[in-house]
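Peer 1: Structure file start24.cif (mmCIF, C-alpha atoms) is given on the next line.
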```cif
data_model
loop_
_atom_site.label_atom_id
_atom_site.label_comp_id
_atom_site.auth_asym_id
_atom_site.auth_seq_id
_atom_site.Cartn_x
_atom_site.Cartn_y
_atom_site.Cartn_z
CA MET T 1 -4.94 -103.97 34.99
CA ILE T 2 -2.39 -103.22 32.25
CA TRP T 3 -2.53 -100.16 30.05
CA LEU T 4 -0.87 -100.63 26.65
CA ILE T 5 0.11 -97.27 25.14
CA ASP T 6 0.48 -96.95 21.37
CA TYR T 7 3.13 -94.29 20.74
CA ASN T 8 4.22 -95.32 17.27
CA HIS T 9 2.98 -92.11 15.65
CA TYR T 10 3.32 -88.51 16.69
CA LYS T 11 2.73 -84.89 15.75
CA LYS T 12 5.50 -82.92 14.12
CA GLU T 13 5.75 -79.63 12.28
CA ILE T 14 8.20 -79.86 9.40
CA ASP T 15 10.40 -77.67 7.21
CA SER T 16 8.40 -75.39 4.88
CA ARG T 17 10.13 -76.68 1.72
CA LEU T 18 9.45 -80.28 2.67
CA ASN T 19 5.89 -79.29 3.54
CA LYS T 20 5.41 -77.91 0.03
CA CYS T 21 6.82 -81.12 -1.48
CA LYS T 22 4.40 -83.16 0.62
CA GLN T 23 1.44 -81.07 -0.49
CA ASP T 24 2.38 -81.30 -4.18
CA TYR T 25 2.91 -85.04 -3.85
CA PHE T 26 -0.53 -85.62 -2.35
CA ILE T 27 -2.23 -83.33 -4.87
CA VAL T 28 -0.98 -85.52 -7.72
CA LYS T 29 -1.50 -88.70 -5.71
CA SER T 30 -5.16 -87.88 -5.06
CA TYR T 31 -5.76 -87.09 -8.74
CA LYS T 32 -3.90 -90.11 -10.09
CA ARG T 33 -5.34 -92.64 -7.67
CA PHE T 34 -8.88 -91.41 -8.08
CA ASN T 35 -8.65 -91.60 -11.85
CA ILE T 36 -7.12 -95.08 -11.88
CA ILE T 37 -8.50 -96.77 -8.75
CA GLY T 38 -11.76 -94.86 -8.46
CA GLU T 39 -13.97 -94.13 -5.47
CA THR T 40 -13.06 -95.65 -2.12
CA ALA T 41 -14.32 -95.39 1.42
CA PRO T 42 -13.05 -92.18 3.10
CA VAL T 43 -9.30 -92.22 3.73
CA LYS T 44 -8.42 -92.25 7.45
CA THR T 45 -5.27 -91.08 9.24
CA LYS T 46 -5.78 -92.64 12.66
CA THR T 47 -3.57 -95.73 12.98
CA PHE T 48 -2.92 -98.56 15.41
CA SER T 49 -0.05 -100.94 16.07
CA ASN T 50 -0.85 -104.51 15.02
CA GLY T 51 1.89 -105.81 17.32
CA LEU T 52 0.52 -103.98 20.35
CA LEU T 53 -3.02 -105.09 19.56
CA ARG T 54 -1.74 -108.66 19.36
CA LEU T 55 -0.35 -108.31 22.90
CA ALA T 56 -3.68 -106.92 24.08
CA THR T 57 -5.45 -109.86 22.44
CA ILE T 58 -3.18 -112.42 24.14
CA LEU T 59 -3.56 -110.79 27.55
CA ASP T 60 -7.33 -110.50 27.23
CA ALA T 61 -7.66 -114.13 26.13
CA ASN T 62 -5.67 -115.20 29.20
CA GLY T 63 -8.04 -113.40 31.55
CA ILE T 64 -5.84 -110.36 32.20
CA CYS T 65 -7.59 -106.99 32.28
CA VAL T 66 -6.03 -104.83 29.59
CA ARG T 67 -6.72 -101.44 28.04
CA TYR T 68 -5.36 -100.38 24.65
CA MET T 69 -4.75 -96.61 24.53
CA HIS T 70 -3.28 -94.03 22.18
CA TYR T 71 -0.65 -91.78 23.76
CA ASN T 72 -2.97 -88.75 23.96
CA MET T 73 -5.43 -90.84 25.99
CA LEU T 74 -2.69 -91.41 28.57
CA GLU T 75 -1.93 -87.69 28.59
CA PHE T 76 -5.63 -87.02 29.22
CA ALA T 77 -5.64 -89.49 32.14
CA LEU T 78 -2.57 -87.84 33.66
CA ASN T 79 -3.94 -84.32 33.19
CA ASN T 80 -7.23 -85.26 34.83
CA GLY T 81 -5.91 -87.24 37.77
CA GLU T 82 -7.31 -90.59 36.63
CA PRO T 83 -6.13 -93.46 38.87
CA LEU T 84 -3.26 -95.31 37.22
CA PRO T 85 -3.02 -99.10 36.89
CA GLU T 86 -0.43 -101.52 38.22
CA THR T 87 1.40 -101.61 34.86
CA ILE T 88 1.73 -99.21 31.93
CA ALA T 89 3.61 -100.43 28.85
CA PHE T 90 4.56 -98.32 25.83
CA SER T 91 5.03 -99.46 22.25
CA ALA T 92 7.45 -97.05 20.60
CA VAL T 93 9.53 -96.33 17.54
CA CYS T 94 12.89 -94.57 17.67
CA PRO T 95 11.64 -90.93 17.64
CA THR T 96 8.98 -91.58 20.28
CA VAL T 97 11.23 -93.32 22.84
CA PRO T 98 12.24 -89.95 24.42
CA LEU T 99 8.57 -88.91 24.46
CA CYS T 100 7.64 -92.14 26.24
CA ALA T 101 10.39 -91.49 28.79
CA ALA T 102 8.96 -88.03 29.50
CA LEU T 103 5.53 -89.57 30.10
CA ALA T 104 7.14 -92.24 32.29
CA GLN T 105 8.56 -89.44 34.48
CA ARG T 106 5.06 -88.02 34.90
CA ILE T 107 3.64 -91.45 35.72
CA LYS T 108 6.24 -92.11 38.38
CA ALA T 109 5.71 -88.65 39.90
CA VAL T 110 2.03 -89.35 40.64
CA SER T 111 2.10 -93.14 41.01
CA PRO T 112 5.56 -94.44 42.06
CA LYS T 113 4.30 -98.02 42.39
CA THR T 114 3.13 -98.23 38.77
CA LYS T 115 5.52 -100.36 36.73
CA VAL T 116 6.44 -98.61 33.48
CA MET T 117 7.71 -100.72 30.58
CA ILE T 118 8.58 -100.11 26.95
CA GLY T 119 8.82 -102.33 23.86
CA GLY T 120 8.41 -102.18 20.12
CA ALA T 121 10.50 -102.25 16.96
CA HIS T 122 13.17 -99.89 18.31
CA ILE T 123 13.61 -101.70 21.60
CA ASN T 124 14.17 -105.00 19.80
CA VAL T 125 17.27 -103.62 18.04
CA ALA T 126 18.55 -101.05 20.57
CA ALA T 127 17.66 -102.35 24.03
CA LYS T 128 20.98 -101.70 25.80
CA GLU T 129 21.26 -98.09 24.66
CA THR T 130 17.61 -97.46 25.53
CA ALA T 131 18.18 -98.80 29.04
CA ASN T 132 21.32 -96.66 29.45
CA ARG T 133 19.64 -93.48 28.27
CA TYR T 134 16.31 -93.93 30.01
CA PRO T 135 16.62 -95.79 33.33
CA ILE T 136 13.14 -94.51 34.22
CA PHE T 137 11.68 -97.66 32.63
CA ASP T 138 11.27 -100.59 35.01
CA LYS T 139 11.57 -103.13 32.20
CA LEU T 140 12.28 -103.35 28.49
CA VAL T 141 10.01 -105.81 26.70
CA ILE T 142 12.04 -107.58 24.03
CA GLY T 143 10.57 -110.02 21.55
CA TYR T 144 7.23 -110.77 19.95
CA GLU T 145 3.96 -112.58 20.51
CA MET T 146 3.60 -114.79 23.59
CA ASP T 147 7.15 -114.13 24.74
CA ALA T 148 6.53 -110.38 24.96
CA ALA T 149 3.14 -110.86 26.60
CA GLN T 150 4.68 -113.05 29.31
CA GLN T 151 7.36 -110.43 29.98
CA LEU T 152 4.60 -107.89 30.56
CA THR T 153 2.94 -110.04 33.20
CA ASP T 154 5.77 -112.17 34.64
CA LYS T 155 3.30 -115.03 34.26
CA LYS T 156 3.13 -118.21 32.22
CA LEU T 157 0.38 -117.64 29.64
CA THR T 158 -1.23 -120.57 27.89
CA VAL T 159 -3.92 -119.28 25.52
CA CYS T 160 -2.65 -118.28 22.06
CA PRO T 161 -5.85 -116.79 20.65
CA LYS T 162 -7.34 -116.76 17.19
CA PRO T 163 -8.25 -114.53 15.39
CA TYR T 164 -4.80 -113.02 15.51
CA VAL T 165 -6.04 -109.68 16.85
CA ASN T 166 -9.29 -108.72 18.56
CA TYR T 167 -10.39 -105.45 17.00
CA SER T 168 -12.95 -104.84 19.75
CA LEU T 169 -10.04 -104.02 22.09
CA LEU T 170 -9.24 -100.85 20.11
CA PRO T 171 -10.47 -97.63 21.72
CA PHE T 172 -12.29 -96.66 18.51
CA SER T 173 -14.21 -98.54 15.85
CA LEU T 174 -12.01 -100.28 13.27
CA ALA T 175 -13.69 -98.12 10.60
CA ASP T 176 -12.11 -95.05 12.23
CA TYR T 177 -8.60 -96.23 11.35
CA ALA T 178 -6.38 -96.48 8.29
CA ILE T 179 -6.11 -100.22 7.78
CA ASN T 180 -2.68 -101.83 7.65
CA THR T 181 -2.36 -105.56 8.09
CA PHE T 182 0.09 -108.38 7.39
CA THR T 183 0.24 -112.11 6.81
CA THR T 184 3.81 -112.82 7.89
CA MET T 185 6.53 -111.16 9.95
CA GLY T 186 10.17 -110.93 8.95
CA CYS T 187 12.01 -110.71 5.65
CA PRO T 188 14.20 -113.28 3.84
CA PHE T 189 16.51 -110.47 2.65
CA SER T 190 19.04 -108.40 4.61
CA CYS T 191 19.43 -104.94 3.10
CA ASN T 192 21.64 -102.69 5.25
CA TYR T 193 19.12 -99.86 5.44
CA CYS T 194 16.24 -101.98 6.75
CA VAL T 195 15.67 -103.82 10.05
CA ASP T 196 12.96 -106.19 8.77
CA GLY T 197 15.49 -108.95 8.15
CA ARG T 198 16.23 -109.00 11.88
CA ALA T 199 12.65 -109.85 12.83
CA PRO T 200 11.77 -113.52 13.35
CA HIS T 201 9.69 -115.17 10.66
CA PHE T 202 6.17 -116.18 11.67
CA PHE T 203 2.67 -116.16 10.18
CA SER T 204 -0.04 -114.04 11.75
CA SER T 205 -3.06 -114.72 9.55
CA GLU T 206 -2.96 -116.19 6.08
CA ASN T 207 -5.62 -113.76 4.86
CA GLY T 208 -4.46 -110.78 6.91
CA GLN T 209 -7.65 -111.19 8.94
CA LEU T 210 -9.78 -109.89 6.08
CA ASP T 211 -12.41 -112.44 7.09
CA GLU T 212 -12.89 -110.39 10.28
CA MET T 213 -12.65 -107.02 8.53
CA VAL T 214 -15.49 -107.77 6.11
CA LYS T 215 -17.84 -107.70 9.11
CA LEU T 216 -16.55 -104.33 10.34
CA LEU T 217 -15.56 -102.14 7.40
CA PRO T 218 -17.43 -100.45 4.54
CA LEU T 219 -17.03 -101.59 0.96
CA ARG T 220 -13.97 -100.35 -0.93
CA THR T 221 -11.99 -99.60 2.19
CA LEU T 222 -8.28 -99.20 1.46
CA VAL T 223 -6.36 -102.08 3.08
CA HIS T 224 -2.57 -102.24 2.86
CA PHE T 225 -0.53 -105.40 3.52
CA PHE T 226 2.80 -104.28 4.95
CA ASP T 227 4.59 -107.66 4.84
CA SER T 228 8.17 -107.00 3.77
CA VAL T 229 7.42 -109.57 1.07
CA LEU T 230 3.78 -110.62 0.83
CA GLY T 231 3.63 -114.26 1.89
CA TYR T 232 7.43 -114.30 2.44
CA SER T 233 8.13 -116.46 -0.64
CA ARG T 234 6.74 -117.27 -4.09
CA ASP T 235 4.76 -120.23 -2.78
CA GLY T 236 3.68 -118.22 0.26
CA LEU T 237 2.47 -115.41 -2.01
CA LYS T 238 0.23 -117.74 -3.99
CA ASN T 239 -1.15 -119.30 -0.82
CA VAL T 240 -2.04 -116.02 0.91
CA CYS T 241 -3.59 -114.70 -2.31
CA LYS T 242 -5.80 -117.79 -2.42
CA GLN T 243 -6.78 -117.29 1.23
CA ILE T 244 -7.49 -113.58 0.65
CA GLU T 245 -9.63 -114.36 -2.40
CA ALA T 246 -11.66 -116.85 -0.33
CA THR T 247 -12.81 -114.07 2.03
CA LYS T 248 -14.91 -112.63 -0.82
CA HIS T 249 -13.98 -109.13 0.35
CA ASN T 250 -14.82 -105.96 -1.53
CA PHE T 251 -11.87 -103.88 -0.38
CA VAL T 252 -9.18 -102.03 -2.32
CA LEU T 253 -5.96 -103.90 -1.56
CA SER T 254 -2.31 -102.90 -1.84
CA CYS T 255 0.85 -104.66 -0.69
CA ASP T 256 4.60 -104.38 -0.37
CA MET T 257 6.49 -106.77 -2.64
CA ARG T 258 9.92 -107.70 -3.95
CA ALA T 259 10.03 -107.32 -7.72
CA ASP T 260 11.95 -110.58 -8.11
CA MET T 261 8.87 -112.41 -6.75
CA ILE T 262 6.83 -111.23 -9.73
CA ASP T 263 6.01 -113.62 -12.57
CA LEU T 264 2.85 -114.33 -14.57
CA ASP T 265 1.49 -116.67 -11.88
CA ALA T 266 2.09 -114.05 -9.19
CA ILE T 267 0.33 -111.37 -11.26
CA TYR T 268 -2.66 -113.63 -11.76
CA ALA T 269 -2.77 -114.52 -8.05
CA LEU T 270 -2.58 -110.87 -6.95
CA GLU T 271 -5.29 -109.68 -9.30
CA SER T 272 -7.55 -112.63 -8.50
CA ALA T 273 -7.17 -111.83 -4.78
CA GLY T 274 -8.35 -108.26 -5.36
CA PHE T 275 -5.08 -106.36 -5.24
CA VAL T 276 -5.11 -103.13 -7.22
CA GLU T 277 -1.68 -101.84 -6.18
CA ILE T 278 1.75 -103.26 -5.47
CA ARG T 279 4.66 -101.30 -3.98
CA LEU T 280 8.18 -102.22 -4.98
CA GLY T 281 11.57 -101.05 -3.76
CA MET T 282 13.93 -99.41 -6.23
CA GLU T 283 16.08 -97.37 -3.80
CA SER T 284 18.50 -96.33 -6.60
CA SER T 285 19.30 -97.15 -10.22
CA ASP T 286 23.02 -97.52 -9.43
CA SER T 287 24.08 -101.16 -9.10
CA ASP T 288 27.30 -100.46 -7.20
CA LEU T 289 25.44 -98.35 -4.65
CA LEU T 290 22.81 -101.04 -4.19
CA LYS T 291 25.44 -103.75 -3.69
CA LYS T 292 27.26 -101.59 -1.15
CA ASN T 293 24.03 -101.37 0.85
CA GLY T 294 23.26 -105.08 0.77
CA ARG T 295 20.59 -104.95 -1.93
CA THR T 296 20.52 -108.03 -4.16
CA LEU T 297 17.84 -106.87 -6.61
CA MET T 298 19.45 -104.71 -9.29
CA TYR T 299 17.77 -102.06 -11.43
CA ARG T 300 18.00 -104.10 -14.65
CA LYS T 301 16.01 -106.93 -13.11
CA LEU T 302 13.51 -104.44 -11.70
CA MET T 303 13.00 -103.00 -15.20
CA GLU T 304 12.25 -106.47 -16.57
CA LYS T 305 9.58 -106.96 -13.92
CA LEU T 306 8.09 -103.49 -14.49
CA GLU T 307 7.77 -104.20 -18.21
CA LEU T 308 6.05 -107.51 -17.41
CA LEU T 309 3.63 -105.77 -15.06
CA TYR T 310 2.93 -103.06 -17.62
CA SER T 311 2.16 -105.53 -20.40
CA LYS T 312 0.34 -108.22 -18.42
CA SER T 313 -1.50 -106.52 -15.56
CA LYS T 314 -3.70 -103.59 -14.56
CA LEU T 315 -1.96 -103.17 -11.22
CA TYR T 316 -1.12 -99.66 -9.99
CA VAL T 317 2.63 -99.76 -9.39
CA THR T 318 4.32 -97.63 -6.72
CA LEU T 319 8.10 -97.50 -6.34
CA TYR T 320 10.00 -96.71 -3.15
CA THR T 321 13.27 -94.78 -3.47
CA ILE T 322 15.71 -93.68 -0.76
CA THR T 323 17.81 -90.52 -0.83
CA GLY T 324 21.13 -90.44 0.99
CA LEU T 325 22.20 -94.07 1.13
CA PRO T 326 25.89 -94.40 2.06
CA GLY T 327 27.91 -94.01 -1.12
CA THR T 328 25.42 -91.71 -2.85
CA THR T 329 26.87 -88.86 -4.91
CA TRP T 330 25.13 -86.08 -6.83
CA GLU T 331 25.96 -87.85 -10.10
CA ILE T 332 24.40 -91.12 -8.90
CA GLN T 333 21.29 -89.29 -7.70
CA GLU T 334 20.91 -87.33 -10.94
CA ASN T 335 21.06 -90.59 -12.92
CA THR T 336 18.42 -92.11 -10.64
CA LEU T 337 16.19 -89.07 -11.17
CA LYS T 338 16.52 -89.44 -14.95
CA GLU T 339 15.33 -93.03 -14.58
CA CYS T 340 12.45 -91.88 -12.36
CA ASP T 341 11.40 -89.39 -15.03
CA TYR T 342 11.47 -92.12 -17.68
CA LEU T 343 9.51 -94.58 -15.53
CA LEU T 344 6.76 -92.04 -14.85
CA SER T 345 6.57 -90.61 -18.37
CA SER T 346 6.47 -94.06 -19.95
CA GLY T 347 3.76 -95.30 -17.61
CA LEU T 348 5.88 -98.22 -16.38
CA VAL T 349 5.16 -96.99 -12.87
CA ASP T 350 2.25 -94.95 -11.57
CA GLU T 351 3.83 -93.40 -8.48
CA ILE T 352 7.25 -92.92 -6.89
CA LYS T 353 7.54 -92.36 -3.16
CA ASN T 354 10.86 -90.96 -1.99
CA SER T 355 12.22 -91.19 1.57
CA LEU T 356 15.29 -89.94 3.39
CA TYR T 357 17.77 -92.53 4.63
CA VAL T 358 17.82 -92.69 8.42
CA PRO T 359 20.63 -94.61 10.20
CA TYR T 360 18.41 -95.98 12.96
CA PRO T 361 20.29 -97.13 16.07
CA MET T 362 20.90 -100.87 15.92
CA GLU T 363 23.12 -102.75 18.33
CA GLY T 364 25.92 -104.57 16.55
CA VAL T 365 26.02 -102.01 13.72
CA ASP T 366 28.97 -99.64 13.47
CA TYR T 367 27.83 -97.01 10.98
CA SER T 368 31.35 -95.64 10.62
CA THR T 369 32.30 -98.81 8.74
CA ARG T 370 29.57 -97.92 6.23
CA GLY T 371 30.96 -94.44 5.65
CA VAL T 372 28.42 -92.76 7.93
CA THR T 373 29.23 -90.33 10.75
CA ILE T 374 26.44 -89.70 13.27
CA LEU T 375 26.16 -85.98 14.10
CA ASN T 376 23.04 -85.93 16.27
CA ASP T 377 22.09 -88.58 18.83
CA ASN T 378 18.72 -87.04 19.73
CA TRP T 379 16.38 -89.88 18.82
CA GLU T 380 13.43 -87.52 18.35
CA ASP T 381 15.13 -86.44 15.10
CA TYR T 382 15.53 -89.99 13.76
CA ASP T 383 12.67 -89.80 11.29
CA ARG T 384 12.08 -88.90 7.65
CA GLN T 385 10.74 -85.43 8.45
CA SER T 386 13.85 -84.08 10.22
CA TYR T 387 17.13 -82.61 9.05
CA PRO T 388 19.64 -85.48 8.52
CA VAL T 389 21.30 -86.68 11.72
CA TYR T 390 24.41 -87.85 9.83
CA ARG T 391 26.90 -87.15 7.09
CA THR T 392 28.57 -89.56 4.69
CA VAL T 393 32.05 -89.69 3.22
CA GLU T 394 30.60 -88.18 0.05
CA LEU T 395 28.10 -85.61 1.36
CA SER T 396 27.63 -83.26 4.32
CA SER T 397 24.42 -83.15 6.31
CA ALA T 398 23.41 -79.93 4.53
CA GLU T 399 24.08 -81.50 1.11
CA LEU T 400 22.04 -84.58 2.01
CA TRP T 401 19.09 -82.39 2.99
CA GLU T 402 19.35 -80.38 -0.22
CA MET T 403 19.51 -83.62 -2.21
CA TYR T 404 16.43 -84.93 -0.41
CA ILE T 405 14.38 -81.81 -1.18
CA LYS T 406 15.55 -81.58 -4.80
CA THR T 407 14.78 -85.26 -5.30
CA ALA T 408 11.24 -84.78 -4.00
CA GLU T 409 10.76 -81.72 -6.20
CA SER T 410 12.14 -83.50 -9.27
CA ILE T 411 9.95 -86.59 -8.82
CA ASN T 412 6.88 -84.42 -8.21
CA THR T 413 7.56 -82.42 -11.39
CA SER T 414 8.05 -85.58 -13.46
CA TRP T 415 4.85 -87.02 -12.03
CA LEU T 416 2.96 -83.78 -12.74
CA LYS T 417 4.09 -83.78 -16.38
CA SER T 418 3.14 -87.45 -16.75
CA ILE T 419 -0.51 -86.61 -16.03
CA GLY T 420 -0.53 -83.71 -18.49
CA PHE T 421 -0.21 -80.62 -16.28
CA SER T 422 2.46 -77.92 -16.00
CA ASP T 423 1.61 -76.54 -12.55
CA PHE T 424 0.29 -78.16 -9.37
CA SER T 425 -2.41 -75.48 -9.09
CA GLU T 426 -3.95 -76.85 -12.30
CA VAL T 427 -4.58 -80.33 -10.93
CA PRO T 428 -8.29 -80.94 -10.19
CA TYR T 429 -7.62 -83.27 -7.28
CA ASN T 430 -10.45 -85.03 -5.53
CA PRO T 431 -10.88 -83.46 -2.05
CA THR T 432 -11.94 -86.78 -0.52
CA TYR T 433 -8.56 -88.32 -1.35
CA TYR T 434 -5.81 -87.40 1.13
CA SER T 435 -7.30 -83.96 1.74
CA GLU T 436 -5.92 -83.93 5.27
CA TYR T 437 -2.41 -83.69 3.78
CA ILE T 438 -3.16 -80.95 1.26
CA ILE T 439 -3.20 -78.16 3.82
CA PRO T 440 -1.01 -75.12 4.54
CA ASN T 441 0.74 -76.79 7.48
CA TYR T 442 1.50 -80.48 7.20
CA LEU T 443 1.16 -82.17 10.59
CA LYS T 444 1.47 -85.86 11.28
CA ASP T 445 -1.01 -86.68 14.01
CA GLU T 446 -2.19 -90.21 13.40
CA GLY T 447 -2.63 -91.22 17.02
CA GLU T 448 -5.50 -88.91 17.81
#
```
Show me the file's structure as structure tokens.

Peer 2:
Amino acid sequence: MIWLIDYNHYKKEIDSRLNKCKQDYFIVKSYKRFNIIGETAPVKTKTFSNGLLRLATILDANGICVRYMHYNMLEFALNNGEPLPETIAFSAVCPTVPLCAALAQRIKAVSPKTKVMIGGAHINVAAKETANRYPIFDKLVIGYEMDAAQQLTDKKLTVCPKPYVNYSLLPFSLADYAINTFTTMGCPFSCNYCVDGRAPHFFSSENGQLDEMVKLLPLRTLVHFFDSVLGYSRDGLKNVCKQIEATKHNFVLSCDMRADMIDLDAIYALESAGFVEIRLGMESSDSDLLKKNGRTLMYRKLMEKLELLYSKSKLYVTLYTITGLPGTTWEIQENTLKECDYLLSSGLVDEIKNSLYVPYPMEGVDYSTRGVTILNDNWEDYDRQSYPVYRTVELSSAELWEMYIKTAESINTSWLKSIGFSDFSEVPYNPTYYSEYIIPNYLKDEGE
């Protein structure tokens, strides 16, 4: 028996100012999305790791007894003296690696013979440091798909199952989860602030397994495709859109895209496939800053694509921005915020989602050469909810945090004005949209 533990999400109380920004953001988001996209199935916060579920699917198809668990289910088993299996393997992200190590200590204390392993996105880029910091783990699982599954078992596995993942192996019904899926792994681009370009390129399911979901989910469920670039290329985009359309789904689809993949054919393909939203990266409006951080898509080209989308489609457009990229100054950020205000007020974009830059540990990357000095090596703080763990040549850690908060406040205010209100208390948001976030104390607890 192998227990696979999903510890990719976690609970965290955050700074009160950031909490207020989050609440204001979701108030406007719920209003805007409801008025443009309309009614959907209830929004869920429980999530699962597609990669971990793929491992469970491979093991199960090869006759190996496997149990997929969320981290709190393991805690329950430990607290109640449940017999532990031969192997327990964690899937983790950077901030949860220390939490997995703490659970591994508890496992070893009650069941020394249980092999404890860890894998996931963080382990694939920081294996040596993880092993040095946390020798409690018997093995680090590095890689994807069949390779990772064979490392878990030390056996030669032969069955590579289809469908890509078996949703019946989840501990809860698929309808209990927020639905994120993908058609292809990896990214053809190599921006310095993103690890997706390091992942190998492979297809999972050309329709994101929507053909399975239509049997399990209610109509108008929100389904997000988190491919770095949907379909990986222009031709791939058109192919996956055709495959998605063939499922005859009745879901509300969104996807991550590169703006330079957008043309009239792509717009037609996306809308025909049932996409109502696309999410594009802007990061900053400053070309020199973007080039410094390995970004090849410049703001001028993005504007051309946004104007095309505005004139030729009904797609809801969300932009991603990042505060605190190496090289950022207050002047650069203020110019970016002016552009954000214009994009929202003009209607060229419907939503802007801002994030804090996090210099995630990656072997082979010397952040000092990028003008970044790491101040805190506690991996639990390497997320977008914590005080910055670094400073840059241009800005101190305190200045980066202040810039992050002011950016969030500025974007929220611009967004509020764009929908015709002067105060967030005036917005008649729909309580069925993201209501779990519009609360006095914002907690992220997606694993329960």

Peer 1: Quick one: apply the PyMOL selection byres ((chain T and resi 289) around 8) to the file and drop the selected residues here as an NGL selection string.

Peer 2: :T and (284 or 286-288 or 290-293 or 325-328)

Peer 1: Mind running stretch 191-221 of chain T against stretch 359-372 of chain T at 9 Å and telling me each contacting residue's nearest atom pair with the distance in Å (one decimal), counting all atoms listed in the file, chain and number ascending, as JSON lines?

Peer 2:
```
{"residue": "T:Tyr193", "atom": "CA", "partner": "T:Pro359", "partner_atom": "CA", "distance": 7.2}
{"residue": "T:Cys194", "atom": "CA", "partner": "T:Tyr360", "partner_atom": "CA", "distance": 8.9}
{"residue": "T:Val195", "atom": "CA", "partner": "T:Met362", "partner_atom": "CA", "distance": 8.4}
```

Peer 1: Can you work out the spacing between atom CA of T:Ser355 and atom CA of T:Thr321 in Å, to one decimal?

Peer 2: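 Between atom CA of T:Ser355 and atom CA of T:Thr321 the gap works out to 6.3 Å.
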
Peer 1: What would the selection look like, as a ChimeraX atom specification, if the PyMOL selection byres ((chain T and resi 413) around 9) were run on the coordinates I just shared?

Peer 2: /T:24,341,408-412,414-418,422-424

Peer 1: Tell me, in Å to one decimal, how far atom CA of T:Pro171 is from atom CA of T:Phe48.

Peer 2: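 Going from atom CA of T:Pro171 over to atom CA of T:Phe48 covers 9.9 Å.
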
Peer 1: Evaluating the PyMOL selection byres ((chain T and resi 407) around 12) on the displayed file yields which residues, as a PDB file with C-alpha atoms, in the coordinates of the input?

Peer 2:
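Result written to selection_37.pdb:
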```pdb
ATOM      1  CA  LEU T  18       9.450 -80.280   2.670  1.00  0.00           C
ATOM      2  CA  CYS T  21       6.820 -81.120  -1.480  1.00  0.00           C
ATOM      3  CA  TYR T  25       2.910 -85.040  -3.850  1.00  0.00           C
ATOM      4  CA  SER T 284      18.500 -96.330  -6.600  1.00  0.00           C
ATOM      5  CA  THR T 321      13.270 -94.780  -3.470  1.00  0.00           C
ATOM      6  CA  ILE T 322      15.710 -93.680  -0.760  1.00  0.00           C
ATOM      7  CA  THR T 323      17.810 -90.520  -0.830  1.00  0.00           C
ATOM      8  CA  GLY T 324      21.130 -90.440   0.990  1.00  0.00           C
ATOM      9  CA  TRP T 330      25.130 -86.080  -6.830  1.00  0.00           C
ATOM     10  CA  ILE T 332      24.400 -91.120  -8.900  1.00  0.00           C
ATOM     11  CA  GLN T 333      21.290 -89.290  -7.700  1.00  0.00           C
ATOM     12  CA  GLU T 334      20.910 -87.330 -10.940  1.00  0.00           C
ATOM     13  CA  ASN T 335      21.060 -90.590 -12.920  1.00  0.00           C
ATOM     14  CA  THR T 336      18.420 -92.110 -10.640  1.00  0.00           C
ATOM     15  CA  LEU T 337      16.190 -89.070 -11.170  1.00  0.00           C
ATOM     16  CA  LYS T 338      16.520 -89.440 -14.950  1.00  0.00           C
ATOM     17  CA  CYS T 340      12.450 -91.880 -12.360  1.00  0.00           C
ATOM     18  CA  ASP T 341      11.400 -89.390 -15.030  1.00  0.00           C
ATOM     19  CA  ILE T 352       7.250 -92.920  -6.890  1.00  0.00           C
ATOM     20  CA  LYS T 353       7.540 -92.360  -3.160  1.00  0.00           C
ATOM     21  CA  ASN T 354      10.860 -90.960  -1.990  1.00  0.00           C
ATOM     22  CA  SER T 355      12.220 -91.190   1.570  1.00  0.00           C
ATOM     23  CA  LEU T 356      15.290 -89.940   3.390  1.00  0.00           C
ATOM     24  CA  GLU T 399      24.080 -81.500   1.110  1.00  0.00           C
ATOM     25  CA  LEU T 400      22.040 -84.580   2.010  1.00  0.00           C
ATOM     26  CA  TRP T 401      19.090 -82.390   2.990  1.00  0.00           C
ATOM     27  CA  GLU T 402      19.350 -80.380  -0.220  1.00  0.00           C
ATOM     28  CA  MET T 403      19.510 -83.620  -2.210  1.00  0.00           C
ATOM     29  CA  TYR T 404      16.430 -84.930  -0.410  1.00  0.00           C
ATOM     30  CA  ILE T 405      14.380 -81.810  -1.180  1.00  0.00           C
ATOM     31  CA  LYS T 406      15.550 -81.580  -4.800  1.00  0.00           C
ATOM     32  CA  ALA T 408      11.240 -84.780  -4.000  1.00  0.00           C
ATOM     33  CA  GLU T 409      10.760 -81.720  -6.200  1.00  0.00           C
ATOM     34  CA  SER T 410      12.140 -83.500  -9.270  1.00  0.00           C
ATOM     35  CA  ILE T 411       9.950 -86.590  -8.820  1.00  0.00           C
ATOM     36  CA  ASN T 412       6.880 -84.420  -8.210  1.00  0.00           C
ATOM     37  CA  THR T 413       7.560 -82.420 -11.390  1.00  0.00           C
ATOM     38  CA  SER T 414       8.050 -85.580 -13.460  1.00  0.00           C
TER      39      SER T 414
END
```

Peer 1: Show me as a PyMOL selection string the residues that reach within 8 Å of (-5.5, -103.5, 1.1), counting all atoms listed in the file and using the file's own coordinates.

Peer 2: chain T and resi 179-181+221-225+251-255+275

Peer 1: Quick one: pull the distance between atom CA of T:Thr153 and atom CA of T:Ile123, Å, one decimal.

Peer 2: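 Taking atom CA of T:Thr153 as the start and atom CA of T:Ile123 as the end point, the length is 17.8 Å.
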
Peer 1: Dump as a VMD selection string all residues having an atom at most 12 Å from (1.3, -120.1, -4.1), computed in the file's coordinates with all atoms listed in the file.

Peer 2: chain T and resid 206 230 to 244 261 to 263 265 to 270 273
